[in-house]
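> I am sharing my_file_27.pdb, which consists of PDB, C-alpha atoms:
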MODEL        1
ATOM      1  CA  MET A   1     -16.971 -14.443 -12.546
ATOM      2  CA  HIS A   2     -16.659 -10.653 -12.445
ATOM      3  CA  THR A   3     -14.157  -8.074 -11.321
ATOM      4  CA  MET A   4     -16.121  -5.872  -8.935
ATOM      5  CA  LYS A   5     -15.457  -2.290  -7.921
ATOM      6  CA  ILE A   6     -14.282  -2.235  -4.311
ATOM      7  CA  VAL A   7     -16.656  -0.391  -2.009
ATOM      8  CA  THR A   8     -14.755   2.423  -0.309
ATOM      9  CA  ILE A   9     -15.571   4.485   2.762
ATOM     10  CA  ASP A  10     -16.436   7.515   0.639
ATOM     11  CA  CYS A  11     -18.520   5.934  -2.146
ATOM     12  CA  ALA A  12     -22.303   5.721  -2.532
ATOM     13  CA  LEU A  13     -22.435   2.062  -1.394
ATOM     14  CA  LYS A  14     -20.415   2.652   1.799
ATOM     15  CA  GLU A  15     -23.314   1.669   4.123
ATOM     16  CA  VAL A  16     -22.727  -2.013   3.298
ATOM     17  CA  LEU A  17     -19.400  -1.698   5.148
ATOM     18  CA  LYS A  18     -21.249  -0.739   8.366
ATOM     19  CA  LYS A  19     -23.710  -3.652   8.441
ATOM     20  CA  LYS A  20     -23.279  -7.063  10.042
ATOM     21  CA  THR A  21     -23.432  -9.681   7.306
ATOM     22  CA  LEU A  22     -25.848 -12.588   6.988
ATOM     23  CA  ASP A  23     -24.601 -16.170   7.181
ATOM     24  CA  ILE A  24     -24.561 -18.244   4.020
ATOM     25  CA  GLN A  25     -27.383 -20.809   4.161
ATOM     26  CA  ASN A  26     -27.188 -24.327   2.672
ATOM     27  CA  HIS A  27     -29.467 -23.411  -0.231
ATOM     28  CA  GLU A  28     -27.152 -20.463  -1.078
ATOM     29  CA  TRP A  29     -24.091 -22.572  -1.846
ATOM     30  CA  ASN A  30     -23.927 -21.583  -5.526
ATOM     31  CA  LEU A  31     -24.171 -17.951  -4.460
ATOM     32  CA  ALA A  32     -21.277 -18.483  -2.015
ATOM     33  CA  LEU A  33     -19.101 -19.944  -4.760
ATOM     34  CA  GLU A  34     -19.971 -17.057  -7.070
ATOM     35  CA  ILE A  35     -19.106 -14.503  -4.365
ATOM     36  CA  ALA A  36     -15.784 -16.270  -3.690
ATOM     37  CA  GLU A  37     -14.917 -16.200  -7.401
ATOM     38  CA  ASN A  38     -15.827 -12.515  -7.643
ATOM     39  CA  LEU A  39     -13.692 -11.755  -4.580
ATOM     40  CA  LYS A  40     -10.738 -13.588  -6.095
ATOM     41  CA  LYS A  41     -11.130 -11.943  -9.502
ATOM     42  CA  THR A  42     -11.360  -8.514  -7.833
ATOM     43  CA  LEU A  43      -8.291  -9.145  -5.664
ATOM     44  CA  LEU A  44      -6.077 -10.503  -8.488
ATOM     45  CA  PRO A  45      -4.985  -7.101  -9.872
ATOM     46  CA  LEU A  46      -4.103  -6.002  -6.328
ATOM     47  CA  MET A  47      -1.829  -8.958  -5.506
ATOM     48  CA  PRO A  48       0.242  -9.459  -3.467
ATOM     49  CA  ALA A  49      -2.628  -8.895  -1.037
ATOM     50  CA  ALA A  50      -3.874 -10.360   2.221
ATOM     51  CA  GLY A  51      -7.626 -10.628   1.717
ATOM     52  CA  LEU A  52     -11.001  -9.244   0.753
ATOM     53  CA  ALA A  53     -14.446  -9.610   2.342
ATOM     54  CA  ALA A  54     -17.853  -9.785   0.652
ATOM     55  CA  PRO A  55     -19.034  -6.372   1.966
ATOM     56  CA  GLN A  56     -16.076  -4.823   0.148
ATOM     57  CA  ILE A  57     -17.678  -5.828  -3.154
ATOM     58  CA  GLY A  58     -21.142  -4.738  -1.972
ATOM     59  CA  VAL A  59     -22.433  -8.131  -0.767
ATOM     60  CA  SER A  60     -23.646  -8.447   2.824
ATOM     61  CA  LYS A  61     -22.816 -12.137   3.263
ATOM     62  CA  SER A  62     -20.431 -13.890   5.689
ATOM     63  CA  ILE A  63     -17.656 -14.844   3.337
ATOM     64  CA  PHE A  64     -14.109 -13.659   2.692
ATOM     65  CA  ILE A  65     -10.890 -14.791   1.082
ATOM     66  CA  TYR A  66      -7.478 -14.452   2.672
ATOM     67  CA  SER A  67      -3.865 -15.533   2.289
ATOM     68  CA  TYR A  68      -1.479 -16.107   5.194
ATOM     69  CA  ASP A  69       1.444 -14.830   3.095
ATOM     70  CA  ARG A  70      -0.161 -12.510   0.495
ATOM     71  CA  GLN A  71       0.398 -15.128  -2.228
ATOM     72  CA  LEU A  72      -2.274 -16.074  -4.748
ATOM     73  CA  VAL A  73      -1.570 -19.783  -4.373
ATOM     74  CA  ASN A  74      -2.499 -19.591  -0.672
ATOM     75  CA  LEU A  75      -5.777 -17.664  -1.061
ATOM     76  CA  GLU A  76      -8.475 -19.523   0.833
ATOM     77  CA  GLY A  77     -12.239 -19.094   0.915
ATOM     78  CA  VAL A  78     -13.838 -18.710   4.360
ATOM     79  CA  ILE A  79     -17.603 -19.045   4.904
ATOM     80  CA  ASN A  80     -19.525 -18.287   8.144
ATOM     81  CA  PRO A  81     -16.366 -17.962  10.255
ATOM     82  CA  THR A  82     -15.900 -17.761  13.999
ATOM     83  CA  TYR A  83     -12.723 -17.542  16.044
ATOM     84  CA  LYS A  84     -11.523 -17.532  19.623
ATOM     85  CA  PRO A  85      -8.186 -16.443  21.048
ATOM     86  CA  LEU A  86      -5.671 -19.038  22.205
ATOM     87  CA  GLY A  87      -3.947 -17.124  24.980
ATOM     88  CA  GLU A  88      -3.901 -13.434  25.786
ATOM     89  CA  GLU A  89      -0.856 -12.401  23.739
ATOM     90  CA  ILE A  90      -1.630  -9.381  21.542
ATOM     91  CA  TRP A  91       0.106  -8.228  18.375
ATOM     92  CA  LYS A  92      -0.272  -4.599  17.316
ATOM     93  CA  GLY A  93       0.622  -3.874  13.721
ATOM     94  CA  TRP A  94      -0.254  -1.470  10.928
ATOM     95  CA  GLU A  95      -3.082  -2.623   8.671
ATOM     96  CA  GLY A  96      -4.104  -1.335   5.305
ATOM     97  CA  CYS A  97      -7.632  -1.831   4.037
ATOM     98  CA  PHE A  98      -8.634  -1.573   0.376
ATOM     99  CA  SER A  99     -11.898   0.147   1.348
ATOM    100  CA  VAL A 100      -9.805   2.957   2.837
ATOM    101  CA  ILE A 101      -6.640   3.133   0.758
ATOM    102  CA  LEU A 102      -8.526   3.032  -2.549
ATOM    103  CA  SER A 103     -10.845   5.865  -1.517
ATOM    104  CA  GLU A 104     -10.655   9.231  -3.241
ATOM    105  CA  LYS A 105     -10.239  11.406  -0.149
ATOM    106  CA  THR A 106      -9.055   9.369   2.850
ATOM    107  CA  TRP A 107      -5.664   7.675   2.966
ATOM    108  CA  LYS A 108      -5.201   6.095   6.364
ATOM    109  CA  LEU A 109      -3.748   3.032   8.024
ATOM    110  CA  ALA A 110      -4.754   1.664  11.403
ATOM    111  CA  LYS A 111      -2.594   0.012  14.044
ATOM    112  CA  VAL A 112      -4.972  -2.449  15.683
ATOM    113  CA  PRO A 113      -4.436  -4.857  18.585
ATOM    114  CA  ARG A 114      -5.061  -8.426  17.431
ATOM    115  CA  TYR A 115      -4.752 -11.755  19.183
ATOM    116  CA  LYS A 116      -1.473 -13.362  18.140
ATOM    117  CA  THR A 117      -2.870 -16.922  18.081
ATOM    118  CA  ILE A 118      -6.473 -17.897  17.371
ATOM    119  CA  LEU A 119      -8.548 -21.012  16.759
ATOM    120  CA  VAL A 120     -10.776 -20.515  13.721
ATOM    121  CA  GLN A 121     -13.801 -22.432  12.477
ATOM    122  CA  TYR A 122     -15.508 -22.012   9.116
ATOM    123  CA  LEU A 123     -16.763 -23.799   6.030
ATOM    124  CA  ASN A 124     -14.395 -23.987   3.081
ATOM    125  CA  LEU A 125     -15.469 -23.702  -0.551
ATOM    126  CA  GLU A 126     -16.039 -27.461  -0.713
ATOM    127  CA  GLY A 127     -18.567 -27.173   2.117
ATOM    128  CA  LYS A 128     -16.316 -28.918   4.629
ATOM    129  CA  SER A 129     -16.036 -27.755   8.217
ATOM    130  CA  VAL A 130     -12.518 -26.507   8.977
ATOM    131  CA  GLU A 131     -10.786 -25.931  12.309
ATOM    132  CA  LYS A 132      -7.330 -24.374  12.208
ATOM    133  CA  ILE A 133      -4.869 -22.629  14.465
ATOM    134  CA  LEU A 134      -3.602 -19.335  13.039
ATOM    135  CA  GLU A 135      -0.597 -17.413  14.307
ATOM    136  CA  GLY A 136       1.034 -14.084  13.510
ATOM    137  CA  PHE A 137       0.102 -12.512  10.189
ATOM    138  CA  ALA A 138      -2.520 -15.174   9.346
ATOM    139  CA  ALA A 139      -4.311 -14.498  12.653
ATOM    140  CA  LYS A 140      -4.152 -10.737  12.068
ATOM    141  CA  VAL A 141      -5.622 -10.988   8.570
ATOM    142  CA  PHE A 142      -8.375 -13.396   9.638
ATOM    143  CA  GLN A 143      -9.428 -11.018  12.441
ATOM    144  CA  HIS A 144      -9.324  -8.037  10.046
ATOM    145  CA  GLU A 145     -11.564  -9.775   7.502
ATOM    146  CA  TYR A 146     -13.852 -11.072  10.273
ATOM    147  CA  ASP A 147     -14.309  -7.455  11.430
ATOM    148  CA  HIS A 148     -15.622  -6.637   7.940
ATOM    149  CA  LEU A 149     -18.316  -9.279   8.404
ATOM    150  CA  GLN A 150     -19.299  -7.546  11.662
ATOM    151  CA  GLY A 151     -19.614  -4.167   9.924
ATOM    152  CA  ILE A 152     -16.391  -2.850  11.454
ATOM    153  CA  GLU A 153     -13.807  -0.880   9.478
ATOM    154  CA  ASN A 154     -10.352  -0.986  11.105
ATOM    155  CA  ILE A 155     -10.009   2.831  11.151
ATOM    156  CA  ASP A 156     -13.296   3.067  13.113
ATOM    157  CA  ARG A 157     -12.254   0.762  15.942
ATOM    158  CA  PRO A 158     -11.971   2.652  19.243
ATOM    159  CA  ASP A 159      -8.701   0.835  20.032
ATOM    160  CA  ALA A 160      -7.062   1.755  16.700
ATOM    161  CA  GLU A 161      -4.159   4.146  16.311
ATOM    162  CA  ILE A 162      -4.591   6.026  13.012
ATOM    163  CA  LEU A 163      -1.900   7.246  10.639
ATOM    164  CA  SER A 164      -2.983   9.647   7.858
ATOM    165  CA  PHE A 165      -1.145  10.359   4.610
ATOM    166  CA  GLU A 166      -1.113  13.336   2.256
ATOM    167  CA  SER A 167      -1.268  11.181  -0.880
ATOM    168  CA  LYS A 168      -1.788   7.633  -2.130
ATOM    169  CA  GLU A 169       1.882   7.575  -3.167
ATOM    170  CA  GLU A 170       3.048   8.368   0.382
ATOM    171  CA  LEU A 171       0.753   5.658   1.753
ATOM    172  CA  SER A 172       1.999   3.118  -0.837
ATOM    173  CA  ALA A 173       5.624   3.752   0.098
ATOM    174  CA  PHE A 174       4.825   3.221   3.791
ATOM    175  CA  MET A 175       2.903   0.019   2.961
ATOM    176  CA  GLN A 176       5.965  -1.420   1.188
ATOM    177  CA  ALA A 177       7.878  -1.269   4.473
ATOM    178  CA  ILE A 178       4.938  -2.779   6.376
ATOM    179  CA  ARG A 179       4.748  -5.716   3.943
ATOM    180  CA  GLN A 180       8.423  -6.449   4.559
ATOM    181  CA  GLU A 181       7.883  -6.377   8.344
ATOM    182  CA  ASP A 182       4.785  -8.597   8.071
ATOM    183  CA  ALA A 183       6.762 -11.210   6.111
ATOM    184  CA  ASP A 184       8.634 -12.094   9.312
ATOM    185  CA  PHE A 185       5.310 -13.317  10.731
ATOM    186  CA  TYR A 186       4.083 -15.452   7.820
ATOM    187  CA  LYS A 187       3.208 -18.870   9.161
ATOM    188  CA  ALA A 188       1.045 -21.481   7.437
ATOM    189  CA  PRO A 189      -2.181 -22.331   9.284
ATOM    190  CA  GLN A 190      -2.147 -25.576  11.270
ATOM    191  CA  ASP A 191      -4.959 -28.096  11.108
ATOM    192  CA  LYS A 192      -6.257 -28.315  14.695
ATOM    193  CA  ASN A 193      -6.351 -32.109  14.532
ATOM    194  CA  ASN A 194      -2.980 -32.507  12.743
ATOM    195  CA  PRO A 195      -0.672 -29.756  14.036
TER     196      PRO A 195
ENDMDL
END
So, in terms of C-alpha cells, how does the structure I just supplied come out?


Amino acid sequence: MHTMKIVTIDCALKEVLKKKTLDIQNHEWNLALEIAENLKKTLLPLMPAAGLAAPQIGVSKSIFIYSYDRQLVNLEGVINPTYKPLGEEIWKGWEGCFSVILSEKTWKLAKVPRYKTILVQYLNLEGKSVEKILEGFAAKVFQHEYDHLQGIENIDRPDAEILSFESKEELSAFMQAIRQEDADFYKAPQDKNNP
C-alpha cells in the first residue's frame, strides 16, 4: 500500500486524466485491490474528502473510492461502475477536484449540473455486484468520480460554471463553506432491493 502523488492538470502525467479508463477484468482482481488501497492511503491525509479515482493516481482503470458524507468510515470501493438517472431533477453545486485544487497554477471550482437521484451498479471490493440508489451529495460525488473514469475533468465540462481563485488559501476558505452546505444533502445510499 502506497501513498501516491495526485496527478494534477498541470503535471507531466496529466494526459491520464483525459483518457477513458479500462474496465477491471476478473484476472486483475489483486490489481484492483491494490489500486483501492493506494487510493485510500492517498486520500487519508486529505480527509474529510469525498472521493478519488484511479486516474488521479496515474492508473487508467475503472475504479474509484467515495464517501457519501466525507467520512473515512463510509469510504467505499467502486469497480466498473455504471449509473442511470432516476427522474429528471438536477442539482447544481460547486465541486472541488484534487487534480485541480492541488495544482501549482490553477485554482478553480466548477458548478456542474448533476442528477439528484441515480441508480448505480458496480462491483465492490469483495467482488459482489451492487445496485444502490444514491441521492443528493452521494449522487453528485458518484457522478463526479465516474466522469474521471470517462476522462472528463469537471472544469472542462461544457455545462460547467467556473469560479477561479487568486490563491489556494482563498479557494480553501470558499471550500469550507461549500462543505457545510453539502452536509445538508448527506444521505446514506439505499440498497435497491432493500430500500

> In Å to one decimal, how far is atom CA of A:His144 from atom CA of A:Thr117?

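Atom-to-atom, atom CA of A:Thr117 to atom CA of A:His144, that is 13.6 Å.
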
> Determine the nearest neighbour of A:Gly127 from the options A:Thr42, A:Ser99, A:Gln71, A:Asn26, counting only C-alpha atoms.

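Among the listed residues, the smallest separation from A:Gly127 belongs to A:Asn26.
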
> Determine, using only C-alpha atoms, which residues of stretch 38-62 of chain A have any atom at most 10 Å from an atom of stretch 76-90 of chain A, and tabulate each with its shortest atom pair and distance in Å to one decimal place, rows ordered by chain and then rising number, as CSV.


residue,atom,partner,partner_atom,distance
A:Leu39,CA,A:Gly77,CA,9.3
A:Lys40,CA,A:Gly77,CA,9.0
A:Gly51,CA,A:Glu76,CA,9.0
A:Leu52,CA,A:Gly77,CA,9.9
A:Ala53,CA,A:Val78,CA,9.3
A:Lys61,CA,A:Asn80,CA,8.5
A:Ser62,CA,A:Asn80,CA,5.1

> Would you compute the distance between atom CA of A:Asn193 and atom CA of A:Leu119? Give it in Å to one decimal.

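We find that atom CA of A:Asn193 and atom CA of A:Leu119 lie 11.5 Å from each other.
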
> List as a PyMOL selection string the protein and nucleic acid residues near A:Ile133, meaning an atom at most 8 Å away when all atoms listed in the file are counted, but skip any in the same chain fewer than 3 places from it.

chain A and resi 117-120+189-192

> Counting only C-alpha atoms, which residues of stretch 33-136 of chain A fall within 10 Å of stretch 152-170 of chain A, and what is the closest atom pair for each with its distance in Å at one decimal, ordered by chain and rising number, as a tab-separated table?


residue	atom	partner	partner_atom	distance
A:Lys92	CA	A:Ala160	CA	9.3
A:Gly93	CA	A:Glu161	CA	9.7
A:Trp94	CA	A:Glu161	CA	8.7
A:Glu95	CA	A:Asn154	CA	7.8
A:Gly96	CA	A:Asn154	CA	8.5
A:Cys97	CA	A:Asn154	CA	7.6
A:Ser99	CA	A:Glu153	CA	8.4
A:Val100	CA	A:Ile155	CA	8.3
A:Ile101	CA	A:Lys168	CA	7.2
A:Leu102	CA	A:Lys168	CA	8.2
A:Ser103	CA	A:Lys168	CA	9.2
A:Glu104	CA	A:Lys168	CA	9.1
A:Lys105	CA	A:Ser167	CA	9.0
A:Thr106	CA	A:Ser164	CA	7.9
A:Trp107	CA	A:Phe165	CA	5.5
A:Lys108	CA	A:Ser164	CA	4.4
A:Leu109	CA	A:Leu163	CA	5.3
A:Ala110	CA	A:Ile162	CA	4.7
A:Lys111	CA	A:Glu161	CA	5.0
A:Val112	CA	A:Ala160	CA	4.8
A:Pro113	CA	A:Asp159	CA	7.3

> Rank A:Lys128, A:Arg179, A:Lys5, A:Lys19 by their smallest atom-to-atom distance to A:Phe98, using all atoms listed in the file, and report the top residue only.

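So, comparing all the options, the nearest one is A:Lys5.
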
> Enumerate, as an MDAnalysis selection string, the residues matched when the PyMOL selection byres ((chain A and resi 69) around 8) is run on the file above.

chainID A and resid 50 67:68 70:71 74 137:138 183 186:188

> What's the separation between atom CA of A:Arg114 and atom CA of A:Ala139, in Å to one decimal place?

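Interatomic distance here is 7.8 Å.
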
> Let me make sure I understand: among A:Pro55, A:Lys140, A:Met175, A:Met4, which one has the smallest atom-to-atom distance to A:Leu22 if we use all atoms listed in the file?

A:Pro55

> What would the selection look like, as a CSV table (one decimal) with C-alpha atoms, in the frame of the given file, if the PyMOL selection byres ((chain A and resi 20) around 8) were run on the coordinates I just shared?


chain,number,residue,atom,x,y,z
A,18,LYS,CA,-21.2,-0.7,8.4
A,19,LYS,CA,-23.7,-3.7,8.4
A,21,THR,CA,-23.4,-9.7,7.3
A,22,LEU,CA,-25.8,-12.6,7.0
A,60,SER,CA,-23.6,-8.4,2.8
A,148,HIS,CA,-15.6,-6.6,7.9
A,149,LEU,CA,-18.3,-9.3,8.4
A,150,GLN,CA,-19.3,-7.5,11.7
A,151,GLY,CA,-19.6,-4.2,9.9

> Which is closest to A:Leu13 among A:Leu43, A:Leu134, A:Leu31, A:Ile57, if we use all atoms listed in the file?

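Counting all atoms listed in the file, the residue closest to A:Leu13 is A:Ile57.
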